[in-house]
Amino acid sequence: MSMAGRDSPGSPTVAAVVREQTGFAWSRAKKLCIDGRVTVDGERCTDPAARVSPDSVVAVDAHRPKLRPGALARDAIVFSDADVIVVDKPAGMLSVADEPGNKDTIGNHLRPLLRARPGTDPGRTPILVVHRLDRDTSGVMVFARTAVAHRHLAAQFKEHSVDRIYRAIVHGSIEATRVETQLILDRGDGLRGSYGHFRRPRGEPPADARRAVTHVTPLEELRGATLVECRLETGRQHQIRIHLAELGHPLVGERVYIRDYEDKPIEAARPMLHARLLAFTHPRTGARVSFERKPPADFQAMLERLG
C-alpha cells in the first residue's frame, strides 16, 4: 500500500472513503475492511481507521471472499498499557514480515484491535518488536509501545532475565534433562544445530556460535509421545526445536528438525509448541509481571488424541 499521506490528520480513513463510495452505514463500511473486502492501491487493507492519501485508489468488492476468520481475536490482547502490549499469538501468524509487503503479521493485526479499545489514541498505536515466536508456535509475546520500553525489554532478553516457559508434545518417552550446547547456523547439512552434534567437532566452536540452554521436564506420558515443559535459560532461534530433536525426541508435527528421527513420526498440522508463560520486569514501574495462557484448541486436541 502506498504510504504517502497515511496517518495525516487531514487524510480520510479507509472506512470513510468506503462509506462515501457505497453509501453504507459506518458499521457496514468498517466490516467490509475487517473482512478483507477493501483494497487500497491494489492491496487489502483490514484496518478501517487507516488513513489514505488523496491519490490512493480505494476499491470495494462486497462479494470478495473474507479473510480467514478469527486471525486475531479480541481477547488475544492479554495486557496493554502505555508501555507494553502482551498478546497471545495464534499459530500460523508471523511475528514480523518474512518479506517486504507481507501484512499478515501479528503487529498489523493488533493495530485495529488497539484502536478499538477505550481510551486508546487512534492516531498513536506504535508496536515495537522485542522478540519473536516462530510462525507455527502459539503463545504469549510482548511488544513495546515506546522506545524507552523497547530498550528496557530488549536488555532483559539479552541478559536472559525474562522467564519463558513452553509446553510441547514430543515423540517418545523423555526424561528430565538440562541441555547446553553451542548453536550454529549450519551444522553441516544446511540446518541449524548444535556444534559437534551432526559432525565430529574440530577445535573450538566458530565465533558465531551461541550458547543455548534448555531445561526439559516431562509432565505426562502419552501414546508414543510425552507432554513436556521447556524452560529457556537462553532464547536462540529454533532453540527448543533443535534441542528436542537432538535428544531424539522431536516435536510432534516437526517438519524441519526431524531428519534423524528413525521411528514413524506422529502427524500434526504444525509443530506442537506453545509459549505458555512470559515474565519480565515492567520497564516503567519496575514491578515483576507474569502472563500465562493455556495452549490452543489444536494442541489440546492432540493431547486428547494421544492421551
# chains A, B, ... in the order shown; residues from 1 in each chain; ligands from 1
$ select_by_dssp --residues "segment 52-252 of chain A" --states "strand (DSSP E)" --output "NGL selection string"
:A and (58-60 or 77-80 or 84-89 or 128-129 or 138-144 or 163-171 or 177-184 or 193-194 or 210-222 or 225-232)
$ write_last_selection --atoms "C-alpha atoms" --output "CSV table (one decimal), in the first residue's frame"
chain,number,residue,atom,x,y,z
A,58,VAL,CA,-9.7,2.6,-2.7
A,59,ALA,CA,-11.8,-0.3,-4.2
A,60,VAL,CA,-14.6,-2.2,-2.6
A,77,ILE,CA,-4.6,-9.0,23.9
A,78,VAL,CA,-3.6,-10.3,27.3
A,79,PHE,CA,-2.5,-6.9,28.7
A,80,SER,CA,-1.9,-3.4,27.4
A,84,VAL,CA,3.8,-2.7,26.7
A,85,ILE,CA,1.4,-5.0,24.9
A,86,VAL,CA,1.2,-8.6,25.8
A,87,VAL,CA,-0.6,-10.8,23.3
A,88,ASP,CA,-1.5,-14.4,22.8
A,89,LYS,CA,-0.2,-15.1,19.3
A,128,LEU,CA,7.7,-2.3,18.5
A,129,VAL,CA,9.0,-5.9,18.2
A,138,SER,CA,1.4,-20.2,19.6
A,139,GLY,CA,1.6,-18.3,22.8
A,140,VAL,CA,2.5,-15.3,24.8
A,141,MET,CA,4.6,-12.4,23.4
A,142,VAL,CA,5.4,-8.9,24.5
A,143,PHE,CA,5.7,-5.8,22.3
A,144,ALA,CA,6.9,-2.3,23.4
A,163,ASP,CA,11.2,-16.1,32.2
A,164,ARG,CA,9.9,-18.1,29.2
A,165,ILE,CA,8.2,-21.4,29.7
A,166,TYR,CA,6.7,-23.5,26.9
A,167,ARG,CA,4.5,-26.6,26.6
A,168,ALA,CA,5.5,-29.1,23.9
A,169,ILE,CA,4.4,-32.5,22.7
A,170,VAL,CA,7.4,-34.6,21.7
A,171,HIS,CA,7.9,-38.0,20.2
A,177,THR,CA,17.2,-33.1,31.4
A,178,ARG,CA,19.2,-29.9,31.0
A,179,VAL,CA,20.6,-29.3,27.6
A,180,GLU,CA,23.5,-26.9,27.0
A,181,THR,CA,25.0,-26.6,23.5
A,182,GLN,CA,26.6,-24.1,21.2
A,183,LEU,CA,24.1,-23.4,18.3
A,184,ILE,CA,25.4,-22.7,14.9
A,193,GLY,CA,22.1,-27.2,15.0
A,194,SER,CA,24.5,-27.7,17.9
A,210,ARG,CA,25.7,-19.0,20.5
A,211,ARG,CA,25.4,-20.7,23.9
A,212,ALA,CA,21.9,-22.2,24.3
A,213,VAL,CA,20.4,-23.8,27.5
A,214,THR,CA,17.0,-25.5,27.7
A,215,HIS,CA,15.5,-27.2,30.8
A,216,VAL,CA,13.1,-30.1,29.8
A,217,THR,CA,10.6,-31.6,32.3
A,218,PRO,CA,8.2,-34.4,31.4
A,219,LEU,CA,4.6,-33.7,32.5
A,220,GLU,CA,2.5,-36.5,31.1
A,221,GLU,CA,3.1,-39.8,29.3
A,222,LEU,CA,1.1,-40.2,26.1
A,225,ALA,CA,4.7,-39.2,22.9
A,226,THR,CA,5.2,-37.0,26.0
A,227,LEU,CA,3.8,-33.7,27.1
A,228,VAL,CA,6.8,-31.7,28.4
A,229,GLU,CA,7.6,-28.3,29.8
A,230,CYS,CA,10.6,-26.4,28.4
A,231,ARG,CA,12.1,-23.5,30.3
A,232,LEU,CA,14.5,-21.3,28.3
$ closest_residue --among "A:Gly42, A:Pro112, A:Pro48, A:Pro271" --to "Val256 of chain A" --atoms "only C-alpha atoms"
A:Pro271
$ select_by_dssp --residues "segment 82-249 of chain A" --states "alpha helix (DSSP H)" --output "PyMOL selection string"
chain A and resi 106-115+147-159+239-246
$ write_last_selection --atoms "N, CA and C atoms" --output "compact mmCIF listing (two decimals), in the first residue's frame"
# COMPACT_ATOMS: atom_id res chain seq x y z
N ILE A 106 1.43 -10.26 13.29
CA ILE A 106 0.64 -10.00 14.49
C ILE A 106 0.58 -8.51 14.80
N GLY A 107 1.66 -7.77 14.47
CA GLY A 107 1.65 -6.33 14.70
C GLY A 107 0.58 -5.63 13.90
N ASN A 108 0.46 -5.99 12.63
CA ASN A 108 -0.57 -5.37 11.78
C ASN A 108 -1.97 -5.75 12.22
N HIS A 109 -2.15 -6.98 12.67
CA HIS A 109 -3.48 -7.40 13.14
C HIS A 109 -3.82 -6.78 14.50
N LEU A 110 -2.79 -6.39 15.26
CA LEU A 110 -3.03 -5.79 16.57
C LEU A 110 -3.56 -4.37 16.47
N ARG A 111 -3.12 -3.63 15.47
CA ARG A 111 -3.43 -2.20 15.42
C ARG A 111 -4.93 -1.90 15.45
N PRO A 112 -5.74 -2.55 14.61
CA PRO A 112 -7.17 -2.24 14.70
C PRO A 112 -7.80 -2.63 16.02
N LEU A 113 -7.28 -3.69 16.67
CA LEU A 113 -7.80 -4.07 17.98
C LEU A 113 -7.46 -3.00 19.02
N LEU A 114 -6.24 -2.48 18.95
CA LEU A 114 -5.84 -1.45 19.90
C LEU A 114 -6.66 -0.18 19.70
N ARG A 115 -6.89 0.18 18.44
CA ARG A 115 -7.65 1.39 18.16
C ARG A 115 -9.09 1.29 18.65
N ALA A 147 9.98 3.80 22.71
CA ALA A 147 11.39 3.49 22.51
C ALA A 147 12.06 3.15 23.84
N VAL A 148 11.68 3.84 24.90
CA VAL A 148 12.26 3.56 26.22
C VAL A 148 11.91 2.16 26.68
N ALA A 149 10.64 1.79 26.54
CA ALA A 149 10.21 0.44 26.92
C ALA A 149 10.91 -0.61 26.08
N HIS A 150 11.09 -0.31 24.81
CA HIS A 150 11.77 -1.26 23.92
C HIS A 150 13.20 -1.51 24.39
N ARG A 151 13.91 -0.45 24.76
CA ARG A 151 15.29 -0.62 25.24
C ARG A 151 15.33 -1.45 26.51
N HIS A 152 14.43 -1.19 27.45
CA HIS A 152 14.40 -1.94 28.70
C HIS A 152 14.12 -3.42 28.45
N LEU A 153 13.12 -3.70 27.65
CA LEU A 153 12.75 -5.09 27.39
C LEU A 153 13.84 -5.82 26.61
N ALA A 154 14.40 -5.15 25.59
CA ALA A 154 15.46 -5.77 24.80
C ALA A 154 16.65 -6.12 25.68
N ALA A 155 16.97 -5.26 26.64
CA ALA A 155 18.08 -5.53 27.55
C ALA A 155 17.79 -6.75 28.42
N GLN A 156 16.54 -6.91 28.85
CA GLN A 156 16.18 -8.07 29.67
C GLN A 156 16.31 -9.36 28.87
N PHE A 157 15.89 -9.34 27.62
CA PHE A 157 16.04 -10.53 26.79
C PHE A 157 17.51 -10.84 26.56
N LYS A 158 18.31 -9.82 26.36
CA LYS A 158 19.74 -10.02 26.13
C LYS A 158 20.42 -10.58 27.38
N GLU A 159 19.97 -10.14 28.55
CA GLU A 159 20.55 -10.61 29.81
C GLU A 159 19.95 -11.94 30.26
N GLN A 239 15.65 -22.80 19.21
CA GLN A 239 16.40 -23.50 20.26
C GLN A 239 15.68 -24.75 20.77
N ILE A 240 14.42 -24.61 21.15
CA ILE A 240 13.69 -25.76 21.71
C ILE A 240 13.56 -26.86 20.67
N ARG A 241 13.21 -26.50 19.46
CA ARG A 241 13.03 -27.49 18.40
C ARG A 241 14.32 -28.26 18.14
N ILE A 242 15.43 -27.55 18.11
CA ILE A 242 16.72 -28.19 17.86
C ILE A 242 17.11 -29.09 19.01
N HIS A 243 17.03 -28.60 20.23
CA HIS A 243 17.44 -29.40 21.38
C HIS A 243 16.61 -30.66 21.54
N LEU A 244 15.30 -30.54 21.37
CA LEU A 244 14.45 -31.73 21.49
C LEU A 244 14.78 -32.74 20.39
N ALA A 245 14.98 -32.27 19.17
CA ALA A 245 15.32 -33.17 18.07
C ALA A 245 16.65 -33.85 18.33
N GLU A 246 17.63 -33.12 18.84
CA GLU A 246 18.94 -33.71 19.10
C GLU A 246 18.92 -34.68 20.26
$ atom_distance --atom1 "atom CA of Gly235 of chain A" --atom2 "atom CA of Ala176 of chain A"
19.2 Å
$ closest_residue --among "A:Asp83, A:Ser173, A:Ala91, A:His274" --to "Gly286 of chain A" --atoms "only C-alpha atoms"
A:Asp83
$ closest_residue --among "A:Val40, A:Gln237, A:Pro126, A:Gly172" --to "Tyr261 of chain A" --atoms "only C-alpha atoms"
A:Gly172
$ closest_residue --among "A:Ala82, A:Ala50, A:Val162, A:Leu94" --to "Val18 of chain A" --atoms "only C-alpha atoms"
A:Ala50
$ atom_distance --atom1 "atom CA of Gly92 of chain A" --atom2 "atom CA of Ala76 of chain A"
14.1 Å
$ closest_residue --among "A:His131, A:Lys264, A:Arg200, A:Arg37" --to "His249 of chain A" --atoms "only C-alpha atoms"
A:Lys264
$ closest_residue --among "A:Glu175, A:Glu267, A:Glu292, A:Glu233" --to "Arg305 of chain A" --atoms "only C-alpha atoms"
A:Glu267
